[in-house]
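One file, target_16.cif, carrying mmCIF, C-alpha atoms:
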```
data_input
#
loop_
_atom_site.label_atom_id
_atom_site.label_comp_id
_atom_site.auth_asym_id
_atom_site.auth_seq_id
_atom_site.Cartn_x
_atom_site.Cartn_y
_atom_site.Cartn_z
CA MET A 520 27.63 25.64 -70.05
CA ALA A 521 27.61 25.10 -66.32
CA THR A 522 24.75 23.11 -64.90
CA THR A 523 22.97 24.36 -61.85
CA PRO A 524 23.27 22.03 -58.88
CA ALA A 525 20.14 20.18 -57.86
CA PRO A 526 18.43 21.50 -54.75
CA PRO A 527 19.23 19.51 -51.64
CA GLN A 528 16.69 16.88 -50.83
CA ALA A 529 14.86 16.94 -47.55
CA PRO A 530 16.08 14.36 -45.04
CA PRO A 531 13.89 11.29 -44.78
CA LYS A 532 11.27 11.34 -42.10
CA PRO A 533 11.96 9.13 -39.12
CA THR A 534 10.13 5.84 -39.29
CA TRP A 535 10.56 4.95 -35.63
CA ASP A 536 7.35 5.10 -33.66
CA PRO A 537 7.78 5.29 -29.88
CA ARG A 538 4.37 3.79 -29.34
CA ARG A 539 3.91 0.09 -28.74
CA PRO A 540 3.80 -1.79 -32.08
CA GLN A 541 0.41 -3.22 -32.97
CA PRO A 542 0.15 -6.89 -33.99
CA PRO A 543 -1.11 -7.61 -37.53
CA PHE A 544 -4.30 -9.22 -36.21
CA PRO A 545 -5.19 -7.52 -32.91
CA TRP A 546 -8.41 -9.49 -32.57
CA LEU A 547 -6.34 -12.70 -32.36
CA ARG A 548 -4.40 -11.44 -29.36
CA PRO A 549 -4.79 -13.86 -26.41
CA THR A 550 -6.26 -11.30 -24.04
CA ILE A 551 -7.47 -12.16 -20.56
CA ARG A 552 -11.03 -11.49 -21.63
CA ILE A 553 -10.83 -14.08 -24.40
CA ARG A 554 -9.05 -16.58 -22.16
CA LEU A 555 -11.60 -16.21 -19.36
CA THR A 556 -14.43 -16.46 -21.89
CA LEU A 557 -13.02 -19.70 -23.28
CA LEU A 558 -12.24 -21.04 -19.83
CA TYR A 559 -15.60 -20.44 -18.20
CA GLY A 560 -17.53 -21.21 -21.39
CA GLY A 561 -15.73 -24.54 -21.63
CA MET A 562 -16.39 -25.25 -17.96
CA PHE A 563 -20.12 -24.62 -18.36
CA LEU A 564 -20.20 -26.73 -21.51
CA ILE A 565 -18.45 -29.67 -19.83
CA ALA A 566 -20.66 -29.38 -16.74
CA GLY A 567 -23.78 -29.29 -18.92
CA ILE A 568 -22.70 -32.37 -20.86
CA LEU A 569 -21.98 -34.26 -17.64
CA LEU A 570 -25.28 -33.25 -16.07
CA LEU A 571 -27.21 -34.16 -19.22
CA SER A 572 -25.54 -37.56 -19.38
CA ILE A 573 -26.26 -38.28 -15.72
CA ILE A 574 -29.91 -37.24 -16.04
CA TYR A 575 -30.24 -39.43 -19.16
CA LEU A 576 -28.89 -42.49 -17.34
CA LEU A 577 -31.05 -41.86 -14.29
CA ALA A 578 -34.15 -41.36 -16.45
CA ALA A 579 -33.42 -44.60 -18.33
CA GLN A 580 -33.08 -46.43 -15.04
CA ALA A 581 -36.30 -44.88 -13.72
CA ILE A 582 -38.19 -45.81 -16.87
CA ASN A 583 -36.83 -49.31 -16.60
CA THR A 584 -38.06 -49.50 -13.02
CA GLY A 585 -41.47 -48.12 -14.01
CA ASN A 586 -41.84 -50.64 -16.85
CA GLN A 587 -41.60 -53.64 -14.57
CA PRO A 588 -44.88 -55.66 -14.71
CA LEU A 589 -47.20 -54.95 -11.84
CA PHE A 590 -48.64 -58.49 -11.82
CA LYS A 591 -48.32 -61.87 -13.40
CA ILE A 592 -50.75 -64.74 -13.97
CA VAL A 593 -49.88 -67.67 -11.74
CA SER A 594 -52.71 -70.22 -12.37
CA GLY A 595 -54.45 -71.87 -15.31
CA THR A 596 -58.03 -71.52 -16.56
CA ALA A 597 -59.27 -69.98 -13.40
CA ILE A 598 -57.02 -66.92 -13.64
CA LYS A 599 -55.27 -66.11 -10.43
CA VAL A 600 -53.26 -62.89 -10.28
CA SER A 601 -50.26 -62.28 -7.99
CA SER A 602 -48.15 -59.10 -7.64
CA ASP A 603 -45.24 -58.06 -5.40
CA ASN A 604 -45.53 -54.37 -6.35
CA CYS A 605 -49.34 -54.26 -5.94
CA PRO A 606 -50.39 -56.37 -2.93
CA ALA A 607 -54.01 -55.16 -3.24
CA ILE A 608 -54.74 -57.55 -6.17
CA ASN A 609 -53.40 -60.69 -4.48
CA THR A 610 -56.77 -61.47 -2.96
CA THR A 611 -59.29 -63.60 -4.93
CA SER A 612 -62.40 -61.79 -3.68
CA LEU A 613 -62.01 -58.76 -5.96
CA SER A 614 -64.63 -57.89 -8.50
CA LEU A 615 -63.65 -56.74 -11.98
CA ASP A 616 -64.14 -53.05 -11.18
CA GLU A 617 -62.16 -53.35 -7.94
CA PHE A 618 -59.41 -55.16 -9.78
CA ASN A 619 -59.11 -52.40 -12.43
CA GLU A 620 -59.10 -49.68 -9.73
CA ALA A 621 -56.33 -51.44 -7.83
CA ILE A 622 -54.28 -51.74 -11.02
CA SER A 623 -54.66 -47.97 -11.71
CA GLN A 624 -53.58 -47.04 -8.20
CA CYS A 625 -50.57 -49.31 -8.40
CA VAL A 626 -49.51 -47.79 -11.74
CA ASP A 627 -49.72 -44.27 -10.30
CA HIS A 628 -47.76 -45.32 -7.22
CA GLN A 629 -45.05 -46.93 -9.33
CA ARG A 630 -44.71 -43.83 -11.50
CA GLN A 631 -44.39 -41.58 -8.41
CA VAL A 632 -41.71 -43.81 -6.91
CA ALA A 633 -39.73 -43.65 -10.15
CA LEU A 634 -39.99 -39.82 -10.31
CA ASP A 635 -38.94 -39.40 -6.65
CA ASP A 636 -35.95 -41.65 -7.20
CA LEU A 637 -34.97 -39.65 -10.32
CA LEU A 638 -35.25 -36.34 -8.41
CA SER A 639 -33.18 -37.48 -5.44
CA ARG A 640 -30.41 -38.91 -7.59
CA SER A 641 -30.39 -35.81 -9.81
CA LEU A 642 -29.96 -33.58 -6.76
CA LEU A 643 -27.06 -35.70 -5.55
CA ALA A 644 -25.46 -35.54 -8.99
CA LEU A 645 -25.95 -31.75 -9.11
CA LEU A 646 -24.36 -31.35 -5.67
CA GLY A 647 -21.36 -33.43 -6.70
CA LEU A 648 -20.93 -31.44 -9.93
CA ALA A 649 -21.21 -28.15 -7.99
CA VAL A 650 -18.39 -29.19 -5.64
CA ILE A 651 -16.22 -30.22 -8.58
CA ALA A 652 -17.03 -27.02 -10.47
CA PHE A 653 -16.15 -24.79 -7.49
CA ALA A 654 -12.89 -26.62 -6.88
CA PHE A 655 -11.95 -26.46 -10.57
CA GLY A 656 -12.96 -22.78 -10.76
CA TYR A 657 -10.90 -21.93 -7.66
CA ALA A 658 -7.85 -23.63 -9.13
CA MET A 659 -8.29 -21.94 -12.51
CA ALA A 660 -8.88 -18.51 -10.93
CA GLY A 661 -5.68 -18.92 -8.91
CA ARG A 662 -3.79 -19.80 -12.06
CA VAL A 663 -5.19 -16.79 -13.92
CA LEU A 664 -4.53 -14.40 -11.01
CA THR A 665 -0.97 -15.60 -10.33
CA PRO A 666 0.55 -12.71 -12.35
CA LEU A 667 -1.43 -10.23 -10.25
CA GLY A 668 0.07 -11.71 -7.09
CA ARG A 669 3.53 -11.34 -8.58
CA ILE A 670 2.82 -7.72 -9.47
CA THR A 671 1.52 -7.05 -5.94
CA ARG A 672 4.59 -8.59 -4.27
CA THR A 673 6.91 -6.54 -6.46
CA ALA A 674 4.94 -3.36 -5.76
CA ARG A 675 5.14 -4.09 -2.02
CA ALA A 676 8.91 -4.58 -2.27
CA VAL A 677 9.23 -1.31 -4.20
CA ALA A 678 7.15 0.43 -1.53
CA GLY A 679 9.86 -0.66 0.91
CA SER A 680 12.38 1.48 -1.06
CA ASP A 681 13.79 -1.42 -3.08
CA LEU A 682 13.57 0.32 -6.43
CA SER A 683 15.84 -2.24 -8.08
CA ARG A 684 13.07 -4.87 -8.12
CA ARG A 685 11.29 -5.56 -11.40
CA ILE A 686 8.28 -7.70 -12.25
CA GLU A 687 9.68 -9.18 -15.51
CA LEU A 688 6.46 -11.07 -16.17
CA ASP A 689 6.62 -13.74 -18.84
CA GLY A 690 3.77 -15.53 -20.54
CA PRO A 691 1.21 -14.59 -23.19
CA ASP A 692 1.05 -11.02 -24.45
CA ASP A 693 -2.16 -10.11 -22.61
CA GLU A 694 -3.35 -7.21 -20.46
CA LEU A 695 -1.45 -8.39 -17.38
CA LYS A 696 1.84 -8.58 -19.22
CA GLU A 697 1.22 -5.13 -20.68
CA LEU A 698 0.52 -3.82 -17.17
CA ALA A 699 3.66 -5.45 -15.81
CA ASP A 700 5.82 -4.02 -18.62
CA THR A 701 4.34 -0.56 -18.03
CA LEU A 702 5.10 -0.80 -14.30
CA ASP A 703 8.65 -1.93 -15.05
CA ASP A 704 9.15 1.12 -17.29
CA MET A 705 7.76 3.36 -14.56
CA LEU A 706 10.07 1.79 -11.97
CA ASP A 707 13.04 2.41 -14.26
CA ARG A 708 12.17 6.10 -14.42
CA LEU A 709 11.60 6.27 -10.67
CA GLU A 710 14.92 4.61 -9.94
CA ARG A 711 16.72 7.05 -12.22
CA ALA A 712 14.92 9.97 -10.58
CA PHE A 713 15.77 8.84 -7.05
CA THR A 714 19.36 8.13 -8.03
CA ALA A 715 19.65 11.60 -9.54
CA GLN A 716 18.13 13.10 -6.39
CA GLN A 717 20.60 11.28 -4.14
CA ARG A 718 23.47 12.36 -6.36
CA PHE A 719 22.24 15.94 -6.25
CA VAL A 720 21.93 15.88 -2.46
CA GLY A 721 25.45 14.53 -2.16
CA ASN A 722 26.90 17.13 -4.52
CA ALA A 723 24.93 19.96 -2.94
CA SER A 724 26.06 18.85 0.49
CA HIS A 725 29.66 19.40 -0.55
CA GLU A 726 29.23 22.43 -2.79
CA LEU A 727 27.10 24.39 -0.32
CA ARG A 728 28.95 23.55 2.88
CA THR A 729 32.43 24.32 1.63
CA PRO A 730 32.03 28.07 0.86
CA LEU A 731 30.07 28.61 4.06
CA ALA A 732 32.77 26.92 6.10
CA ILE A 733 35.41 29.07 4.38
CA ASN A 734 33.43 32.24 5.12
CA ARG A 735 33.05 31.26 8.75
CA THR A 736 36.78 30.62 9.09
CA LEU A 737 37.70 33.95 7.50
CA LEU A 738 35.27 35.85 9.72
CA GLU A 739 36.53 34.13 12.85
CA VAL A 740 40.11 34.96 11.90
CA HIS A 741 39.26 38.65 11.42
CA LEU A 742 37.30 38.76 14.65
CA SER A 743 40.25 37.29 16.54
CA ASP A 744 42.33 40.40 15.69
CA PRO A 745 42.34 42.57 18.83
CA ASN A 746 43.38 45.66 16.84
CA ALA A 747 40.33 45.55 14.55
CA PRO A 748 38.01 48.56 14.78
CA VAL A 749 34.80 48.23 16.75
CA GLU A 750 32.67 48.83 13.66
CA LEU A 751 34.51 46.05 11.83
CA GLN A 752 34.07 43.66 14.74
CA GLN A 753 30.36 44.43 14.89
CA LEU A 754 30.04 43.89 11.15
CA GLY A 755 31.99 40.64 11.45
CA LYS A 756 29.69 39.37 14.22
CA THR A 757 26.64 40.21 12.11
CA LEU A 758 28.10 38.43 9.09
CA LEU A 759 29.11 35.47 11.25
CA ALA A 760 25.54 35.17 12.58
CA THR A 761 24.18 35.40 9.03
CA ASN A 762 26.65 32.73 7.87
CA GLU A 763 25.68 30.46 10.76
CA ARG A 764 22.04 30.89 9.85
CA SER A 765 22.83 29.96 6.23
CA GLU A 766 24.66 26.84 7.42
CA GLN A 767 21.65 25.82 9.48
CA LEU A 768 19.39 26.40 6.49
CA VAL A 769 21.58 24.27 4.22
CA GLU A 770 21.80 21.48 6.79
CA GLY A 771 18.04 21.58 7.26
CA LEU A 772 17.31 21.45 3.54
CA LEU A 773 19.72 18.57 2.96
CA LEU A 774 18.33 16.64 5.90
CA LEU A 775 14.79 17.28 4.68
CA ALA A 776 15.73 15.97 1.22
CA ARG A 777 17.33 12.83 2.67
CA SER A 778 14.54 12.07 5.10
CA ASP A 779 11.79 12.12 2.47
CA ASN A 780 12.72 8.54 1.51
CA GLU A 781 11.80 5.58 3.69
CA ILE A 782 14.60 4.23 5.84
CA VAL A 783 16.16 1.09 4.37
CA GLU A 784 18.81 0.22 6.98
CA ARG A 785 17.18 0.01 10.40
CA LYS A 786 18.65 -0.69 13.82
CA PRO A 787 17.13 -0.88 17.31
CA VAL A 788 16.93 2.63 18.79
CA ASP A 789 15.60 3.49 22.24
CA LEU A 790 13.56 6.70 22.17
CA ALA A 791 14.31 7.23 25.87
CA GLU A 792 18.03 7.43 25.14
CA VAL A 793 17.42 9.67 22.13
CA ALA A 794 15.26 12.03 24.20
CA SER A 795 17.86 12.15 26.99
CA GLN A 796 20.59 13.12 24.54
CA ALA A 797 18.38 15.85 23.09
CA ILE A 798 17.70 17.21 26.58
CA ASP A 799 21.43 17.28 27.34
CA GLN A 800 22.14 19.26 24.16
CA VAL A 801 19.42 21.84 24.89
CA HIS A 802 20.03 22.07 28.64
CA ALA A 803 22.36 25.08 28.46
CA GLU A 804 20.01 27.02 26.20
CA ALA A 805 17.06 26.19 28.48
CA GLU A 806 18.93 27.48 31.55
CA ALA A 807 19.84 30.69 29.74
CA LYS A 808 16.15 31.30 28.92
CA GLY A 809 14.92 30.26 32.36
CA VAL A 810 13.01 27.23 31.06
CA ARG A 811 12.85 24.10 33.21
CA ILE A 812 12.90 20.71 31.47
CA ARG A 813 11.18 17.84 33.20
CA GLY A 814 9.58 14.52 32.35
CA GLU A 815 9.94 10.74 32.53
CA CYS A 816 11.49 8.76 29.69
CA ARG A 817 10.55 5.08 29.70
CA PRO A 818 12.18 2.53 27.36
CA ALA A 819 10.59 2.54 23.89
CA VAL A 820 12.69 0.64 21.33
CA VAL A 821 11.95 1.13 17.64
CA GLN A 822 13.63 0.05 14.40
CA GLY A 823 15.09 3.03 12.58
CA ASN A 824 17.96 5.42 12.00
CA GLY A 825 19.42 6.72 15.26
CA VAL A 826 20.72 10.00 13.80
CA LEU A 827 17.38 10.94 12.24
CA LEU A 828 15.40 9.92 15.34
CA GLU A 829 17.73 12.04 17.46
CA ARG A 830 17.00 14.95 15.15
CA ILE A 831 13.25 14.48 15.83
CA ALA A 832 13.74 14.76 19.58
CA LEU A 833 16.27 17.60 19.28
CA ASN A 834 14.05 19.73 17.01
CA LEU A 835 10.99 19.25 19.21
CA VAL A 836 12.84 20.07 22.44
CA GLN A 837 14.58 23.07 20.85
CA ASN A 838 11.29 24.46 19.57
CA ALA A 839 9.68 23.90 22.97
CA VAL A 840 12.48 25.85 24.67
CA ARG A 841 12.73 28.68 22.12
CA TYR A 842 8.99 29.27 21.72
CA ASN A 843 8.21 29.54 25.42
CA VAL A 844 7.10 32.16 27.92
CA PRO A 845 9.67 34.70 29.19
CA GLU A 846 9.37 33.62 32.84
CA ALA A 847 8.65 30.36 34.71
CA GLY A 848 8.42 28.33 31.53
CA TRP A 849 8.73 24.57 31.42
CA VAL A 850 9.11 21.75 28.91
CA GLU A 851 7.95 18.20 29.60
CA VAL A 852 9.49 15.32 27.63
CA GLY A 853 8.24 11.73 27.87
CA THR A 854 8.63 8.42 26.03
CA ASP A 855 6.54 5.29 26.43
CA VAL A 856 4.99 2.35 24.58
CA GLN A 857 1.23 2.65 24.15
CA HIS A 858 -1.06 0.30 22.20
CA GLY A 859 1.88 -1.35 20.45
CA GLN A 860 3.49 1.93 19.35
CA ALA A 861 6.41 3.94 20.67
CA VAL A 862 5.35 7.46 21.66
CA LEU A 863 7.49 10.56 22.14
CA THR A 864 5.62 13.47 23.75
CA VAL A 865 6.96 17.02 24.15
CA SER A 866 4.76 19.60 25.92
CA ASN A 867 5.62 23.19 26.76
CA THR A 868 4.26 26.46 27.97
CA GLY A 869 4.22 29.27 25.45
CA PRO A 870 2.03 31.60 23.46
CA VAL A 871 -1.54 30.66 22.66
CA VAL A 872 -1.71 28.77 19.36
CA PRO A 873 -5.04 28.79 17.47
CA ALA A 874 -6.18 25.37 16.30
CA TYR A 875 -6.43 26.52 12.67
CA GLU A 876 -2.71 27.41 12.68
CA ILE A 877 -1.52 23.90 13.61
CA ASP A 878 -1.21 22.57 10.05
CA ASN A 879 0.82 25.60 8.95
CA LEU A 880 3.49 24.86 11.55
CA PHE A 881 4.58 21.72 9.66
CA GLU A 882 5.11 23.51 6.35
CA PRO A 883 8.68 24.55 5.39
CA PHE A 884 9.57 28.19 6.17
CA ARG A 885 6.27 28.68 8.01
CA ARG A 886 5.86 29.89 11.56
CA LEU A 887 3.00 31.05 13.70
CA ARG A 888 1.46 34.13 12.02
CA THR A 889 4.42 34.50 9.64
CA GLU A 890 5.27 32.82 6.36
CA ARG A 891 8.94 33.63 5.97
CA THR A 892 11.79 33.24 8.37
CA GLY A 893 12.53 36.43 10.11
CA SER A 894 13.81 35.75 13.61
CA ASP A 895 16.80 34.23 15.29
CA LYS A 896 14.89 31.21 16.61
CA GLY A 897 15.56 28.99 13.61
CA VAL A 898 15.21 28.64 9.89
CA GLY A 899 11.62 27.39 9.80
CA LEU A 900 12.40 23.77 8.93
CA GLY A 901 12.32 22.07 12.33
CA LEU A 902 8.80 20.67 12.32
CA SER A 903 8.97 19.94 8.58
CA ILE A 904 12.02 17.76 9.22
CA VAL A 905 10.29 16.07 12.16
CA ARG A 906 7.25 15.19 10.07
CA SER A 907 9.39 13.96 7.16
CA VAL A 908 11.56 11.76 9.40
CA ALA A 909 8.50 10.36 11.20
CA ARG A 910 6.86 9.44 7.90
CA ALA A 911 10.06 7.83 6.66
CA HIS A 912 9.94 5.58 9.74
CA GLY A 913 6.29 4.69 9.14
CA GLY A 914 5.03 6.96 11.95
CA GLN A 915 3.27 10.28 12.28
CA ILE A 916 3.28 13.45 14.35
CA SER A 917 0.36 15.41 15.75
CA ALA A 918 0.08 18.69 17.61
CA GLN A 919 -2.56 19.98 20.00
CA PRO A 920 -2.82 23.41 21.60
CA ARG A 921 -2.61 23.52 25.40
CA GLU A 922 -5.05 25.43 27.52
CA GLY A 923 -3.28 28.61 28.57
CA GLY A 924 -0.71 28.48 25.77
CA GLY A 925 1.85 26.15 24.32
CA LEU A 926 1.64 22.90 22.41
CA VAL A 927 1.60 19.16 22.98
CA MET A 928 3.64 17.44 20.25
CA ARG A 929 3.11 13.69 19.95
CA VAL A 930 5.21 11.42 17.70
CA THR A 931 4.10 7.80 17.26
CA LEU A 932 6.37 5.21 15.66
CA PRO A 933 5.80 1.48 15.04
CA VAL A 934 7.66 -0.80 17.44
#
```
Write-out of the structure in structure tokens:
Amino acid sequence: MATTPAPPQAPPKPTWDPRRPQPPFPWLRPTIRIRLTLLYGGMFLIAGILLLSIIYLLAAQAINTGNQPLFKIVSGTAIKVSSDNCPAINTTSLSLDEFNEAISQCVDHQRQVALDDLLSRSLLALLGLAVIAFAFGYAMAGRVLTPLGRITRTARAVAGSDLSRRIELDGPDDELKELADTLDDMLDRLERAFTAQQRFVGNASHELRTPLAINRTLLEVHLSDPNAPVELQQLGKTLLATNERSEQLVEGLLLLARSDNEIVERKPVDLAEVASQAIDQVHAEAEAKGVRIRGECRPAVVQGNGVLLERIALNLVQNAVRYNVPEAGWVEVGTDVQHGQAVLTVSNTGPVVPAYEIDNLFEPFRRLRTERTGSDKGVGLGLSIVRSVARAHGGQISAQPREGGGLVMRVTLPV
């Protein structure tokens, strides 16, 4: 008789717990709270013992001083009394009542002298102990807060785009070590995320540019055929313009992704030279639109990436030329150093810009009174790239409407 097979058993449940393991006696964990409690409690206990001991010694000395005899008998049967501490009884013409009164006054005076001496010495002892306690507390606080300083220095280095730095705090398993380990884990994830982003930008740069470049080449080859029909040539020109616009969009997105990170490798760059190069590149377009470019570029050297800073000036000057009035328009470009900062200013004539629309101009794919790109003036990423590059260099950009139309764009960068 065949036996039926036993039903398969369920797989064992995983015993691994991703949470931090708990010690067997959590109340014995050397936390900072317990350590500070023991430290300052011990300090107060030691200071109290020292102060009590000093007061005891001073009181014993004061009592000893107060117990010294006020007078002594210096003659025989006819009693003659002499005292150094109570000169009032040294005379022989005192009656019995006067003698007793003088003795009482001298006793009170001696007691007051002893109490005043005890108070003054106690105050001096308290002052000395306070100085020692503050010095000891300052040293102990520095020792306790040393891990926080290490965490702060590492965080500052990471803020400078050095994501490879780690705290790696050693010592007792307290709250500070737990905080440092948590920050190290977070930095690991951030480094992986930024590395993946850089890898994606590099791959996208190649994968997106290549087909667009191939399309442009094929269209240019077909347009170079003189025997092509007019309709085909017109279609080819339209497709070529659309392809060029797609290339600009891809370049803008990739540049925007790269410029979101702070610049690590910096070199001296003169904003005056950058602005002059941008003016030279836009000069032909400005002449075709009847826009006159003027201004004075003074030396303003900053530490940064020359290519990205040139893109700032180029985007601002291009926008100033393209978004201008049809006739007698002008663009004014200037660079200077003001209040310890390098300043690039681009002003232009143009349409009236409401103040409430200024913030929208810096958003990707946003233009004045329109949210999507729909003209041949650009892809809607120029000012977004400018703001991103300025922030990566530790600077900022601001815009103000001009009276009569146009804008005043002002970029400030640290020298």
Excluding same-chain residues fewer than 4 positions from A:Asp878, what lies within 12 Å of it counting all atoms listed in the file, as a CSV table (one decimal) with C-alpha atoms, in the frame of the given file?
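Saved result, result_34.csv, follows:
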```csv
chain,number,residue,atom,x,y,z
A,872,VAL,CA,-1.7,28.8,19.4
A,873,PRO,CA,-5.0,28.8,17.5
A,874,ALA,CA,-6.2,25.4,16.3
A,882,GLU,CA,5.1,23.5,6.4
A,883,PRO,CA,8.7,24.6,5.4
A,885,ARG,CA,6.3,28.7,8.0
A,886,ARG,CA,5.9,29.9,11.6
A,887,LEU,CA,3.0,31.0,13.7
A,902,LEU,CA,8.8,20.7,12.3
A,903,SER,CA,9.0,19.9,8.6
A,906,ARG,CA,7.2,15.2,10.1
A,916,ILE,CA,3.3,13.4,14.4
A,917,SER,CA,0.4,15.4,15.8
A,918,ALA,CA,0.1,18.7,17.6
A,919,GLN,CA,-2.6,20.0,20.0
A,920,PRO,CA,-2.8,23.4,21.6
```
With all atoms listed in the file as the counted atoms, please give the residues lying no more than 10 Å from A:Arg929, apart from itself and same-chain residues fewer than 3 positions off, as a CSV table (one decimal) with C-alpha atoms, in the frame of the given file.
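Saved as out.csv:
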```csv
chain,number,residue,atom,x,y,z
A,835,LEU,CA,11.0,19.2,19.2
A,853,GLY,CA,8.2,11.7,27.9
A,854,THR,CA,8.6,8.4,26.0
A,862,VAL,CA,5.4,7.5,21.7
A,863,LEU,CA,7.5,10.6,22.1
A,864,THR,CA,5.6,13.5,23.8
A,865,VAL,CA,7.0,17.0,24.2
A,866,SER,CA,4.8,19.6,25.9
A,915,GLN,CA,3.3,10.3,12.3
A,916,ILE,CA,3.3,13.4,14.4
A,917,SER,CA,0.4,15.4,15.8
A,918,ALA,CA,0.1,18.7,17.6
A,919,GLN,CA,-2.6,20.0,20.0
A,926,LEU,CA,1.6,22.9,22.4
```
Counting all atoms listed in the file, which residues of stretch 757-849 of chain A sit at most 8 Å from some atom of stretch 717-738 of chain A, and what is each one's closest atom pair with its distance in Å to one decimal, listed by chain and rising residue number, as a Markdown table?
```
| residue | atom | partner | partner_atom | distance |
| --- | --- | --- | --- | --- |
| A:Leu758 | CA | A:Leu738 | CA | 7.6 |
| A:Leu759 | CA | A:Arg735 | CA | 6.3 |
| A:Asn762 | CA | A:Leu731 | CA | 6.6 |
| A:Glu763 | CA | A:Arg735 | CA | 7.7 |
| A:Ser765 | CA | A:Leu731 | CA | 7.7 |
| A:Glu766 | CA | A:Leu731 | CA | 6.6 |
| A:Val769 | CA | A:Leu727 | CA | 7.1 |
| A:Leu773 | CA | A:Val720 | CA | 6.4 |
| A:Ala776 | CA | A:Val720 | CA | 7.2 |
| A:Arg777 | CA | A:Val720 | CA | 7.5 |
```
Could you save the residues just selected, with C-alpha atoms, as a PDB file, in the frame of the given file?
```pdb
ATOM      1  CA  LEU A 758      28.100  38.430   9.090  1.00  0.00           C
ATOM      2  CA  LEU A 759      29.110  35.470  11.250  1.00  0.00           C
ATOM      3  CA  ASN A 762      26.650  32.730   7.870  1.00  0.00           C
ATOM      4  CA  GLU A 763      25.680  30.460  10.760  1.00  0.00           C
ATOM      5  CA  SER A 765      22.830  29.960   6.230  1.00  0.00           C
ATOM      6  CA  GLU A 766      24.660  26.840   7.420  1.00  0.00           C
ATOM      7  CA  VAL A 769      21.580  24.270   4.220  1.00  0.00           C
ATOM      8  CA  LEU A 773      19.720  18.570   2.960  1.00  0.00           C
ATOM      9  CA  ALA A 776      15.730  15.970   1.220  1.00  0.00           C
ATOM     10  CA  ARG A 777      17.330  12.830   2.670  1.00  0.00           C
TER      11      ARG A 777
END
```
Item to check | Selection near A:Ala791, 8 Å with all atoms listed in the file, sequence-local residues under 2 positions removed, as a list in words | outcome: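 Near A:Ala791, the qualifying residues are Asp789, Val793, Ala794, Ser795, Cys816, Arg817, Pro818, Ala819, Gly853 and Thr854 of chain A.
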Within 10 Å of A:Glu851, counting only C-alpha atoms, which residues qualify if same-chain residues fewer than 4 places away don't, as an mmCIF file with C-alpha atoms, in the coordinates of the input?
```cif
data_model
loop_
_atom_site.group_PDB
_atom_site.id
_atom_site.type_symbol
_atom_site.label_atom_id
_atom_site.label_comp_id
_atom_site.auth_asym_id
_atom_site.auth_seq_id
_atom_site.Cartn_x
_atom_site.Cartn_y
_atom_site.Cartn_z
ATOM 1 C CA ARG A 811 12.850 24.100 33.210
ATOM 2 C CA ILE A 812 12.900 20.710 31.470
ATOM 3 C CA ARG A 813 11.180 17.840 33.200
ATOM 4 C CA GLY A 814 9.580 14.520 32.350
ATOM 5 C CA GLU A 815 9.940 10.740 32.530
ATOM 6 C CA VAL A 836 12.840 20.070 22.440
ATOM 7 C CA ALA A 839 9.680 23.900 22.970
ATOM 8 C CA THR A 864 5.620 13.470 23.750
ATOM 9 C CA VAL A 865 6.960 17.020 24.150
ATOM 10 C CA SER A 866 4.760 19.600 25.920
ATOM 11 C CA ASN A 867 5.620 23.190 26.760
ATOM 12 C CA THR A 868 4.260 26.460 27.970
ATOM 13 C CA VAL A 927 1.600 19.160 22.980
#
```
Item to check | Interatomic distance, atom CA of A:Val844 to atom CA of A:Val810 (Å, one decimal) | outcome: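 According to the coordinates, atom CA of A:Val844 and atom CA of A:Val810 are separated by 8.3 Å.
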Next on the checklist: Measuring between only C-alpha atoms, which one of A:Gln796, A:Gln837, A:Gln752, A:Thr931 shows the shortest distance to A:Val820?
Outcome noted: A:Thr931
Item to check | Selection near A:Lys696, 12 Å with all atoms listed in the file, sequence-local residues under 2 positions removed, as a PyMOL selection string | outcome: chain A and resi 549-551+664-667+669-670+686-694+698-703
Selection file, C-alpha atoms, as a PDB file, keeping the file's coordinate frame:
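Listing of result_18.pdb after writing:
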```pdb
ATOM      1  CA  PRO A 549      -4.790 -13.860 -26.410  1.00  0.00           C
ATOM      2  CA  THR A 550      -6.260 -11.300 -24.040  1.00  0.00           C
ATOM      3  CA  ILE A 551      -7.470 -12.160 -20.560  1.00  0.00           C
ATOM      4  CA  LEU A 664      -4.530 -14.400 -11.010  1.00  0.00           C
ATOM      5  CA  THR A 665      -0.970 -15.600 -10.330  1.00  0.00           C
ATOM      6  CA  PRO A 666       0.550 -12.710 -12.350  1.00  0.00           C
ATOM      7  CA  LEU A 667      -1.430 -10.230 -10.250  1.00  0.00           C
ATOM      8  CA  ARG A 669       3.530 -11.340  -8.580  1.00  0.00           C
ATOM      9  CA  ILE A 670       2.820  -7.720  -9.470  1.00  0.00           C
ATOM     10  CA  ILE A 686       8.280  -7.700 -12.250  1.00  0.00           C
ATOM     11  CA  GLU A 687       9.680  -9.180 -15.510  1.00  0.00           C
ATOM     12  CA  LEU A 688       6.460 -11.070 -16.170  1.00  0.00           C
ATOM     13  CA  ASP A 689       6.620 -13.740 -18.840  1.00  0.00           C
ATOM     14  CA  GLY A 690       3.770 -15.530 -20.540  1.00  0.00           C
ATOM     15  CA  PRO A 691       1.210 -14.590 -23.190  1.00  0.00           C
ATOM     16  CA  ASP A 692       1.050 -11.020 -24.450  1.00  0.00           C
ATOM     17  CA  ASP A 693      -2.160 -10.110 -22.610  1.00  0.00           C
ATOM     18  CA  GLU A 694      -3.350  -7.210 -20.460  1.00  0.00           C
ATOM     19  CA  LEU A 698       0.520  -3.820 -17.170  1.00  0.00           C
ATOM     20  CA  ALA A 699       3.660  -5.450 -15.810  1.00  0.00           C
ATOM     21  CA  ASP A 700       5.820  -4.020 -18.620  1.00  0.00           C
ATOM     22  CA  THR A 701       4.340  -0.560 -18.030  1.00  0.00           C
ATOM     23  CA  LEU A 702       5.100  -0.800 -14.300  1.00  0.00           C
ATOM     24  CA  ASP A 703       8.650  -1.930 -15.050  1.00  0.00           C
TER      25      ASP A 703
END
```
